[in-house]
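Report on the following structure.
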Amino acid sequence: MQTSEGRALEAEPPPGEHPGQPTGLHRGSNGSRQRPVEPLACRLRSIGFDDWPYPAFVAHRGAGLLAPENTLAAMRLGYDCGYRMFEFDVKLSCDGVLVLMHDDLVDRTTNGSGFVADASWAELAKLDAGAWHSPRFAGEPVPTLARVAAWLRANGCLANIEIKPSPGREAETGAAIAIEALALWHDADVPPLLSSFSEAALEAAQRVAPGLPRALLLSRLPDDWLQRCRALGCVALDANYRALDAETIERAHREGLRVLAYTINEPACAALLRKQGLDGVITDAVGSLGPTD
Ligand code: G3P
Ligand code: MG
């Protein structure tokens, strides 16, 4: 992992010394990672259709376009625009640390290059994840899930964690996120909503932490979308807004599923789908759409 300027930024402490960074992963005596076989107990509130605590507007990748995506700076900006729930993408470093990153490569959103899956946390922690966006965000670090959870909880905000596995690490990432989310939110009033396009990742999350709410992300709706949601024990369908209409939303509701849509940036589109019953608008347009109080 290299920075384009070839310079080293000050690194956050390694995961074991990271404040509030319980990995939730069990280490064997030889240091290897071991997954628990039994599902973990969850004392968190159970989320269902009639007990739906999530707000109608969710800031996409923190605050979408106004700040560097998937950073705490983005969430602070979204917070200032009145947003209290944040969607963000999480994947694993090569040494098992959960970090916020959308792409498989760090190239687009940091000053480094290479695959997240090949990078250690020590390498990722040195990257600048803000300068690519604009000078005022220069030096913004790649955050860990643990750091973001601490900020969200300290500020009374809710999370939609999108499980965004690197190729081939779907089940591993789904399980790791679910385990860590349980630890980080163990005494929270409202659990994070886990979502993913990867059914293998959601299945793994369901296996280790069945009590955490899940949503299946779909860019298009296959004929069996409902069966897929059911098989994964999902509480919601999370679809591209172009794939949704009043009939689909109504059908989902009849079947006990809430419906979220990404990424809606036009007020008229948000208003129409909300009128048709959409439960959650995931948006980049935090400065012009949704909460402002
Ligand atoms: O979680 C909704 C949305 O973020 C899915 O698409 O590519 O922006 O992660 P993407
Ligand atoms: Mg996402």
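Going through the structure tokens in order, the chains are called A, B, and so on, while each chain numbers its residues from 1 and the ligands are numbered from 1 in the order shown.
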Assign secondary structure with DSSP using the backbone only, and return the residues of segment 40-236 of chain A in strand (DSSP E) as a PDB file with N, CA and C atoms, in the first residue's frame.
```
ATOM      1  N   PHE A  57     -35.214   9.392   6.344  1.00  0.00           N
ATOM      2  CA  PHE A  57     -34.096   9.835   5.497  1.00  0.00           C
ATOM      3  C   PHE A  57     -32.761   9.352   6.073  1.00  0.00           C
ATOM      4  N   VAL A  58     -31.957   8.808   5.193  1.00  0.00           N
ATOM      5  CA  VAL A  58     -30.666   8.239   5.586  1.00  0.00           C
ATOM      6  C   VAL A  58     -29.589   8.859   4.691  1.00  0.00           C
ATOM      7  N   ALA A  59     -28.525   9.350   5.289  1.00  0.00           N
ATOM      8  CA  ALA A  59     -27.439   9.960   4.508  1.00  0.00           C
ATOM      9  C   ALA A  59     -26.558   8.874   3.909  1.00  0.00           C
ATOM     10  N   MET A  85     -29.296   9.287  10.711  1.00  0.00           N
ATOM     11  CA  MET A  85     -28.981   7.904  10.328  1.00  0.00           C
ATOM     12  C   MET A  85     -28.090   7.941   9.093  1.00  0.00           C
ATOM     13  N   PHE A  86     -27.091   7.063   9.106  1.00  0.00           N
ATOM     14  CA  PHE A  86     -26.057   7.087   8.084  1.00  0.00           C
ATOM     15  C   PHE A  86     -25.852   5.686   7.509  1.00  0.00           C
ATOM     16  N   GLU A  87     -25.844   5.666   6.176  1.00  0.00           N
ATOM     17  CA  GLU A  87     -25.455   4.442   5.462  1.00  0.00           C
ATOM     18  C   GLU A  87     -23.973   4.551   5.151  1.00  0.00           C
ATOM     19  N   PHE A  88     -23.236   3.453   5.317  1.00  0.00           N
ATOM     20  CA  PHE A  88     -21.815   3.452   4.966  1.00  0.00           C
ATOM     21  C   PHE A  88     -21.394   2.027   4.626  1.00  0.00           C
ATOM     22  N   ASP A  89     -20.305   1.933   3.864  1.00  0.00           N
ATOM     23  CA  ASP A  89     -19.850   0.650   3.315  1.00  0.00           C
ATOM     24  C   ASP A  89     -18.664   0.135   4.119  1.00  0.00           C
ATOM     25  N   VAL A  90     -18.693  -1.155   4.446  1.00  0.00           N
ATOM     26  CA  VAL A  90     -17.643  -1.712   5.308  1.00  0.00           C
ATOM     27  C   VAL A  90     -17.061  -2.977   4.686  1.00  0.00           C
ATOM     28  N   LYS A  91     -15.743  -3.056   4.735  1.00  0.00           N
ATOM     29  CA  LYS A  91     -15.059  -4.277   4.274  1.00  0.00           C
ATOM     30  C   LYS A  91     -13.874  -4.578   5.186  1.00  0.00           C
ATOM     31  N   LEU A  92     -13.256  -5.734   4.944  1.00  0.00           N
ATOM     32  CA  LEU A  92     -12.164  -6.208   5.804  1.00  0.00           C
ATOM     33  C   LEU A  92     -10.800  -5.872   5.225  1.00  0.00           C
ATOM     34  N   LEU A  98     -12.197  -4.087  10.315  1.00  0.00           N
ATOM     35  CA  LEU A  98     -13.328  -3.602   9.519  1.00  0.00           C
ATOM     36  C   LEU A  98     -13.195  -2.107   9.302  1.00  0.00           C
ATOM     37  N   VAL A  99     -13.153  -1.721   8.034  1.00  0.00           N
ATOM     38  CA  VAL A  99     -12.943  -0.308   7.686  1.00  0.00           C
ATOM     39  C   VAL A  99     -14.027   0.152   6.717  1.00  0.00           C
ATOM     40  N   LEU A 100     -14.232   1.463   6.701  1.00  0.00           N
ATOM     41  CA  LEU A 100     -15.204   2.032   5.777  1.00  0.00           C
ATOM     42  C   LEU A 100     -14.538   2.288   4.427  1.00  0.00           C
ATOM     43  N   GLY A 112      -3.782   6.515  -1.834  1.00  0.00           N
ATOM     44  CA  GLY A 112      -3.024   5.280  -2.001  1.00  0.00           C
ATOM     45  C   GLY A 112      -3.452   4.516  -3.237  1.00  0.00           C
ATOM     46  N   SER A 113      -2.889   3.330  -3.380  1.00  0.00           N
ATOM     47  CA  SER A 113      -3.313   2.468  -4.477  1.00  0.00           C
ATOM     48  C   SER A 113      -3.246   1.017  -4.001  1.00  0.00           C
ATOM     49  N   LEU A 158     -28.143   6.656  14.201  1.00  0.00           N
ATOM     50  CA  LEU A 158     -28.343   5.252  13.845  1.00  0.00           C
ATOM     51  C   LEU A 158     -27.516   4.884  12.623  1.00  0.00           C
ATOM     52  N   ALA A 159     -27.327   3.580  12.455  1.00  0.00           N
ATOM     53  CA  ALA A 159     -26.430   3.105  11.398  1.00  0.00           C
ATOM     54  C   ALA A 159     -27.135   2.146  10.446  1.00  0.00           C
ATOM     55  N   ASN A 160     -26.838   2.314   9.179  1.00  0.00           N
ATOM     56  CA  ASN A 160     -27.122   1.290   8.169  1.00  0.00           C
ATOM     57  C   ASN A 160     -25.759   0.856   7.640  1.00  0.00           C
ATOM     58  N   ILE A 161     -25.315  -0.294   8.122  1.00  0.00           N
ATOM     59  CA  ILE A 161     -24.004  -0.807   7.715  1.00  0.00           C
ATOM     60  C   ILE A 161     -24.191  -1.642   6.458  1.00  0.00           C
ATOM     61  N   GLU A 162     -23.667  -1.140   5.352  1.00  0.00           N
ATOM     62  CA  GLU A 162     -23.694  -1.974   4.143  1.00  0.00           C
ATOM     63  C   GLU A 162     -22.472  -2.879   4.159  1.00  0.00           C
ATOM     64  N   ILE A 163     -22.723  -4.169   4.169  1.00  0.00           N
ATOM     65  CA  ILE A 163     -21.643  -5.163   4.099  1.00  0.00           C
ATOM     66  C   ILE A 163     -21.176  -5.180   2.644  1.00  0.00           C
ATOM     67  N   LEU A 193     -28.828  -1.435  11.221  1.00  0.00           N
ATOM     68  CA  LEU A 193     -29.440  -2.221  10.156  1.00  0.00           C
ATOM     69  C   LEU A 193     -28.328  -2.673   9.221  1.00  0.00           C
ATOM     70  N   LEU A 194     -28.199  -3.990   9.049  1.00  0.00           N
ATOM     71  CA  LEU A 194     -27.189  -4.540   8.139  1.00  0.00           C
ATOM     72  C   LEU A 194     -27.823  -4.727   6.764  1.00  0.00           C
ATOM     73  N   SER A 195     -27.113  -4.326   5.722  1.00  0.00           N
ATOM     74  CA  SER A 195     -27.635  -4.562   4.372  1.00  0.00           C
ATOM     75  C   SER A 195     -26.499  -5.027   3.482  1.00  0.00           C
ATOM     76  N   SER A 196     -26.866  -5.713   2.393  1.00  0.00           N
ATOM     77  CA  SER A 196     -25.837  -6.141   1.449  1.00  0.00           C
ATOM     78  C   SER A 196     -26.466  -6.599   0.146  1.00  0.00           C
ATOM     79  N   ARG A 214     -31.682  -7.251   9.119  1.00  0.00           N
ATOM     80  CA  ARG A 214     -31.018  -7.304   7.810  1.00  0.00           C
ATOM     81  C   ARG A 214     -31.949  -6.812   6.708  1.00  0.00           C
ATOM     82  N   ALA A 215     -31.304  -6.243   5.667  1.00  0.00           N
ATOM     83  CA  ALA A 215     -32.044  -5.829   4.468  1.00  0.00           C
ATOM     84  C   ALA A 215     -31.275  -6.327   3.253  1.00  0.00           C
ATOM     85  N   LEU A 216     -32.017  -6.856   2.275  1.00  0.00           N
ATOM     86  CA  LEU A 216     -31.373  -7.303   1.038  1.00  0.00           C
ATOM     87  C   LEU A 216     -31.357  -6.156   0.038  1.00  0.00           C
ATOM     88  N   LEU A 217     -30.151  -5.843  -0.448  1.00  0.00           N
ATOM     89  CA  LEU A 217     -29.994  -4.805  -1.465  1.00  0.00           C
ATOM     90  C   LEU A 217     -30.168  -5.429  -2.847  1.00  0.00           C
ATOM     91  N   LEU A 218     -30.967  -4.802  -3.661  1.00  0.00           N
ATOM     92  CA  LEU A 218     -31.169  -5.286  -5.026  1.00  0.00           C
ATOM     93  C   LEU A 218     -31.175  -4.104  -5.985  1.00  0.00           C
ATOM     94  N   ALA A 236     -36.307  -5.884   5.725  1.00  0.00           N
ATOM     95  CA  ALA A 236     -36.557  -4.862   4.701  1.00  0.00           C
ATOM     96  C   ALA A 236     -35.957  -5.264   3.368  1.00  0.00           C
TER      97      ALA A 236
END
```
Spatial neighbours of Ile47 of chain A, max dist 9 Å, only C-alpha atoms, sep filter under 2 positions, as a ChimeraX atom specification: /A:44-45,49-53,190-191,211-213,235
Could you dump the residues just selected with C-alpha atoms as a compact mmCIF listing (two decimals), in the first residue's frame?
```txt
# COMPACT_ATOMS: atom_id res chain seq x y z
CA LEU A 44 -30.87 -5.82 21.43
CA ARG A 45 -34.37 -4.72 20.58
CA PHE A 49 -42.59 -4.16 10.73
CA ASP A 50 -44.58 -2.76 13.65
CA ASP A 51 -41.50 -1.73 15.57
CA TRP A 52 -39.53 0.24 12.99
CA PRO A 53 -37.26 2.79 14.66
CA VAL A 190 -31.57 0.62 18.38
CA PRO A 191 -29.39 -1.91 16.57
CA GLY A 211 -30.99 -10.96 16.17
CA LEU A 212 -29.52 -8.13 14.07
CA PRO A 213 -31.90 -6.70 11.46
CA VAL A 235 -36.83 -7.04 7.80
```
Test item: residues at most 6 Å from segment 261-272 of chain A, only C-alpha atoms, excluding those fewer than 6 positions along its chain, as a PyMOL selection string: chain A and resi 238-241+281-283+285
Long-range neighbours of Ser198 of chain A as a ChimeraX atom specification, 8 Å cut-off, only C-alpha atoms, 3 positions minimum in chain: /A:163-165,170,201-202,217
Shell around Leu226 of chain A at 12 Å using only C-alpha atoms, local window under 2 positions removed, as a ChimeraX atom specification: /A:215-218,221-224,228-238,248-249,251-259
For the residues selected in the previous step, produce a file with C-alpha atoms as a short mmCIF file (atom, residue, chain, number, x, y, z; two decimals), in the first residue's frame.
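Contents of the output file again19.cif:
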```cif
data_model
loop_
_atom_site.label_atom_id
_atom_site.label_comp_id
_atom_site.auth_asym_id
_atom_site.auth_seq_id
_atom_site.Cartn_x
_atom_site.Cartn_y
_atom_site.Cartn_z
CA ALA A 215 -32.04 -5.83 4.47
CA LEU A 216 -31.37 -7.30 1.04
CA LEU A 217 -29.99 -4.81 -1.47
CA LEU A 218 -31.17 -5.29 -5.03
CA LEU A 221 -35.99 -6.92 -8.68
CA PRO A 222 -35.85 -10.56 -9.77
CA ASP A 223 -39.15 -12.46 -9.81
CA ASP A 224 -38.21 -14.17 -6.55
CA ARG A 228 -34.85 -14.13 -1.30
CA CYS A 229 -35.69 -11.60 1.42
CA ARG A 230 -37.57 -14.24 3.37
CA ALA A 231 -34.80 -16.83 3.09
CA LEU A 232 -32.38 -14.36 4.67
CA GLY A 233 -34.84 -13.39 7.41
CA CYS A 234 -34.77 -9.79 6.23
CA VAL A 235 -36.83 -7.04 7.80
CA ALA A 236 -36.56 -4.86 4.70
CA LEU A 237 -36.04 -4.73 0.98
CA ASP A 238 -33.44 -2.11 0.04
CA THR A 248 -44.05 -3.39 -5.15
CA ILE A 249 -43.95 -1.30 -2.00
CA ARG A 251 -46.64 -6.03 -1.74
CA ALA A 252 -43.55 -5.79 0.47
CA HIS A 253 -45.59 -4.19 3.21
CA ARG A 254 -48.27 -6.87 2.95
CA GLU A 255 -45.53 -9.45 3.42
CA GLY A 256 -44.18 -7.67 6.48
CA LEU A 257 -41.15 -6.03 4.88
CA ARG A 258 -40.22 -2.37 5.11
CA VAL A 259 -38.79 -0.77 1.97
#
```
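The shortest atom-to-atom distance to ligand 2, with only C-alpha atoms and all ligand atoms taken into account, belongs to A:Asp284 out of A:Asp284, A:Glu250, A:Asp279, A:Glu140.
Backbone DSSP over segment 33-175 of chain A yields alpha helix (DSSP H) at A:Leu72, A:Ala73, A:Ala74, A:Met75, A:Arg76, A:Leu77, A:Gly78, A:Tyr79, A:Asp80, A:Trp121, A:Ala122, A:Glu123, A:Leu124, A:Leu145, A:Ala146, A:Arg147, A:Val148, A:Ala149, A:Ala150, A:Trp151, A:Leu152, A:Arg153, A:Ala154, A:Glu170, A:Ala171, A:Glu172, A:Thr173, A:Gly174, A:Ala175.
Proximity to Ala138 of chain A was assessed for A:Ala119, A:Asp187, A:Pro210, A:Asn111 counting only C-alpha atoms; the smallest distance is recorded for A:Asn111.
Each of A:Leu105, A:Cys42, A:Ala188, A:Val148 was checked against Ala74 of chain A using only C-alpha atoms; the smallest atom-to-atom distance is that of A:Val148.
Interatomic distance, atom CA of Gly280 of chain A to atom CA of Ala41 of chain A: 27.9 Å.
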